[in-house]
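Participant: Okay, here's the structure, questions in a sec.
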Amino acid sequence: MRAQTRGAARRSAVGRRTSSRRSGRPGGKLKPERVQEELKTMPGWRLASGGNALARTRKLSQPGAAAKYAAYVADLAAAHGQPVILGVTAYQVTLTLQRPSHKGIDMALINFARQLN
């Protein structure tokens, strides 16, 4: 009887692992098709060269507004532990977002980019 119990436990454990793989990894890299779908809902954002980052250039009407917006983004990124590359001129800010591992795009990166719209 003990052998039957172990076999049932193994089948149960295997079933759990298989089902979690089917549902996807919450923090894992998104497929390119999924990234493109998400970008369609995010005006101004684009896939940066190499496909491992998101980029956006935001144009502002006031000269000081670009510096203030860049400071806001830097503070928000630091609070979330999200690396960001900022390019600032008098009237525009260019943002580039990557995962800390630099390996693809995940939903956390997409969601962070949405906060900046």
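By order in the structure tokens, chains are A, B, ...; within a chain, residues start at 1; ligands start at 1, following the order shown.
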Pick out the residues sitting within 10 Å of region 47-56 of chain A, and hand them over as JSON, numbers by chain; count only C-alpha atoms, and ignore anything fewer than 2 positions along from it in its own chain.
Facilitator: {"A": [29, 32, 35, 36, 39, 43, 44, 45, 58, 59, 84, 85, 86, 93, 94, 95, 96, 97, 98, 99, 101, 102, 103, 104, 105, 106, 109, 110, 113, 116, 117]}
Participant: Could you dump the residues just selected with C-alpha atoms as a PDB file, in the first residue's frame?
Facilitator:
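Okay, this is what ended up in result-v8.pdb:
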```pdb
ATOM      1  CA  LYS A  29      10.754  36.791 -20.720  1.00  0.00           C
ATOM      2  CA  PRO A  32       8.287  38.718 -29.286  1.00  0.00           C
ATOM      3  CA  VAL A  35       5.697  42.221 -26.687  1.00  0.00           C
ATOM      4  CA  GLN A  36       4.357  43.567 -30.000  1.00  0.00           C
ATOM      5  CA  LEU A  39       3.318  47.825 -27.512  1.00  0.00           C
ATOM      6  CA  PRO A  43       1.435  54.977 -27.529  1.00  0.00           C
ATOM      7  CA  GLY A  44       4.928  56.342 -28.076  1.00  0.00           C
ATOM      8  CA  TRP A  45       6.785  53.228 -26.916  1.00  0.00           C
ATOM      9  CA  ARG A  58       8.828  62.449 -25.034  1.00  0.00           C
ATOM     10  CA  LYS A  59       8.717  66.012 -26.324  1.00  0.00           C
ATOM     11  CA  VAL A  84      16.693  53.400 -16.953  1.00  0.00           C
ATOM     12  CA  ILE A  85      18.845  55.269 -19.440  1.00  0.00           C
ATOM     13  CA  LEU A  86      17.840  58.916 -19.834  1.00  0.00           C
ATOM     14  CA  VAL A  93      13.569  63.204 -22.839  1.00  0.00           C
ATOM     15  CA  THR A  94      14.518  59.859 -24.340  1.00  0.00           C
ATOM     16  CA  LEU A  95      13.929  56.851 -22.088  1.00  0.00           C
ATOM     17  CA  THR A  96      15.353  53.365 -22.528  1.00  0.00           C
ATOM     18  CA  LEU A  97      14.167  50.616 -20.192  1.00  0.00           C
ATOM     19  CA  GLN A  98      15.743  47.178 -19.806  1.00  0.00           C
ATOM     20  CA  ARG A  99      15.430  44.329 -17.372  1.00  0.00           C
ATOM     21  CA  SER A 101      19.474  40.956 -16.599  1.00  0.00           C
ATOM     22  CA  HIS A 102      19.348  42.611 -20.076  1.00  0.00           C
ATOM     23  CA  LYS A 103      17.638  39.446 -21.337  1.00  0.00           C
ATOM     24  CA  GLY A 104      14.387  40.251 -23.056  1.00  0.00           C
ATOM     25  CA  ILE A 105      11.257  42.010 -21.911  1.00  0.00           C
ATOM     26  CA  ASP A 106       8.901  40.852 -19.162  1.00  0.00           C
ATOM     27  CA  LEU A 109       9.046  46.113 -17.589  1.00  0.00           C
ATOM     28  CA  ILE A 110       5.869  46.629 -19.633  1.00  0.00           C
ATOM     29  CA  ALA A 113       6.660  51.683 -18.910  1.00  0.00           C
ATOM     30  CA  LEU A 116       5.373  56.616 -17.395  1.00  0.00           C
ATOM     31  CA  ASN A 117       2.641  57.447 -19.930  1.00  0.00           C
TER      32      ASN A 117
END
```
Participant: Need to verify the contact set: Gly81 (chain A), 10 Å, only C-alpha atoms, exclusion of same-chain residues closer than 5 positions in sequence. Can you return it as an mmCIF file with N, CA and C atoms, in the first residue's frame?
Facilitator:
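In the end it all went to result-v2.cif:
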```
data_model
loop_
_atom_site.group_PDB
_atom_site.id
_atom_site.type_symbol
_atom_site.label_atom_id
_atom_site.label_comp_id
_atom_site.auth_asym_id
_atom_site.auth_seq_id
_atom_site.Cartn_x
_atom_site.Cartn_y
_atom_site.Cartn_z
ATOM 1 N N ASP A 75 13.616 59.030 -10.216
ATOM 2 C CA ASP A 75 13.140 58.713 -8.861
ATOM 3 C C ASP A 75 12.234 57.481 -8.863
ATOM 4 N N LEU A 76 11.316 57.426 -9.808
ATOM 5 C CA LEU A 76 10.399 56.292 -9.898
ATOM 6 C C LEU A 76 11.165 54.997 -10.216
ATOM 7 N N ARG A 99 15.409 45.137 -18.589
ATOM 8 C CA ARG A 99 15.430 44.329 -17.372
ATOM 9 C C ARG A 99 16.842 44.357 -16.813
ATOM 10 N N PRO A 100 16.984 44.223 -15.506
ATOM 11 C CA PRO A 100 18.332 44.201 -14.925
ATOM 12 C C PRO A 100 19.243 43.139 -15.551
#
```
Participant: I want to know what sits within 8 Å of Leu60 (chain A), based on only C-alpha atoms, with residues of the same chain fewer than 5 positions away left out; could you give that as a list of chain:residue names?
Facilitator: A:Ala65, A:Ala66, A:Tyr91, A:Gln92
Participant: Which of these residues is nearest to His80 (chain A), using only C-alpha atoms: A:Ser61, A:Lys68, A:Gln115, A:Leu30?
Facilitator: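 Checking each candidate against His80 (chain A), we get A:Gln115 as the closest.
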Participant: In Å to one decimal, how far is CA of Pro63 (chain A) from CA of Arg114 (chain A)?
Facilitator: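 The value is 24.0 Å.
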Participant: For CA of Lys31 (chain A) and CA of Met107 (chain A), quote the distance in Å rounded to one decimal.
Facilitator: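 Here the two named atoms are 10.8 Å from each other.
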Participant: For CA of Met42 (chain A) and CA of Val88 (chain A), determine how far apart the two atoms are, in Å to one decimal place.
Facilitator: 21.3 Å
Participant: Kindly indicate which residue among A:Phe112, A:Gln62, A:Ala90, A:Glu37 lies nearest to Ala77 (chain A), using only C-alpha atoms for the distances.
Facilitator: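 Smallest distance to Ala77 (chain A) is found for A:Phe112.
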Participant: Give me, as a count of residues only, the residues of region 14-115 of chain A that a backbone DSSP run labels strand (DSSP E).
Facilitator: 21
Participant: List every residue of region 41-107 of chain A that DSSP, applied to the backbone, labels as alpha helix (DSSP H), and write the result as a PDB file with C-alpha atoms, in the first residue's frame.
Facilitator:
```pdb
ATOM      1  CA  PRO A  63      12.508  73.952 -21.405  1.00  0.00           C
ATOM      2  CA  GLY A  64      12.573  73.126 -17.683  1.00  0.00           C
ATOM      3  CA  ALA A  65       9.867  70.468 -18.016  1.00  0.00           C
ATOM      4  CA  ALA A  66      12.248  67.977 -19.647  1.00  0.00           C
ATOM      5  CA  ALA A  67      14.645  68.111 -16.690  1.00  0.00           C
ATOM      6  CA  LYS A  68      11.761  67.797 -14.206  1.00  0.00           C
ATOM      7  CA  TYR A  69      10.280  64.835 -16.072  1.00  0.00           C
ATOM      8  CA  ALA A  70      13.702  63.136 -16.238  1.00  0.00           C
ATOM      9  CA  ALA A  71      14.102  63.602 -12.472  1.00  0.00           C
ATOM     10  CA  TYR A  72      10.632  62.131 -11.902  1.00  0.00           C
ATOM     11  CA  VAL A  73      11.463  59.085 -14.050  1.00  0.00           C
ATOM     12  CA  ALA A  74      14.811  58.602 -12.293  1.00  0.00           C
ATOM     13  CA  ASP A  75      13.140  58.713  -8.861  1.00  0.00           C
ATOM     14  CA  LEU A  76      10.399  56.292  -9.898  1.00  0.00           C
ATOM     15  CA  ALA A  77      12.919  53.909 -11.476  1.00  0.00           C
ATOM     16  CA  ALA A  78      15.066  53.946  -8.332  1.00  0.00           C
ATOM     17  CA  ALA A  79      12.027  53.213  -6.164  1.00  0.00           C
ATOM     18  CA  HIS A  80      11.171  50.200  -8.350  1.00  0.00           C
ATOM     19  CA  MET A 107       5.541  42.092 -17.861  1.00  0.00           C
TER      20      MET A 107
END
```
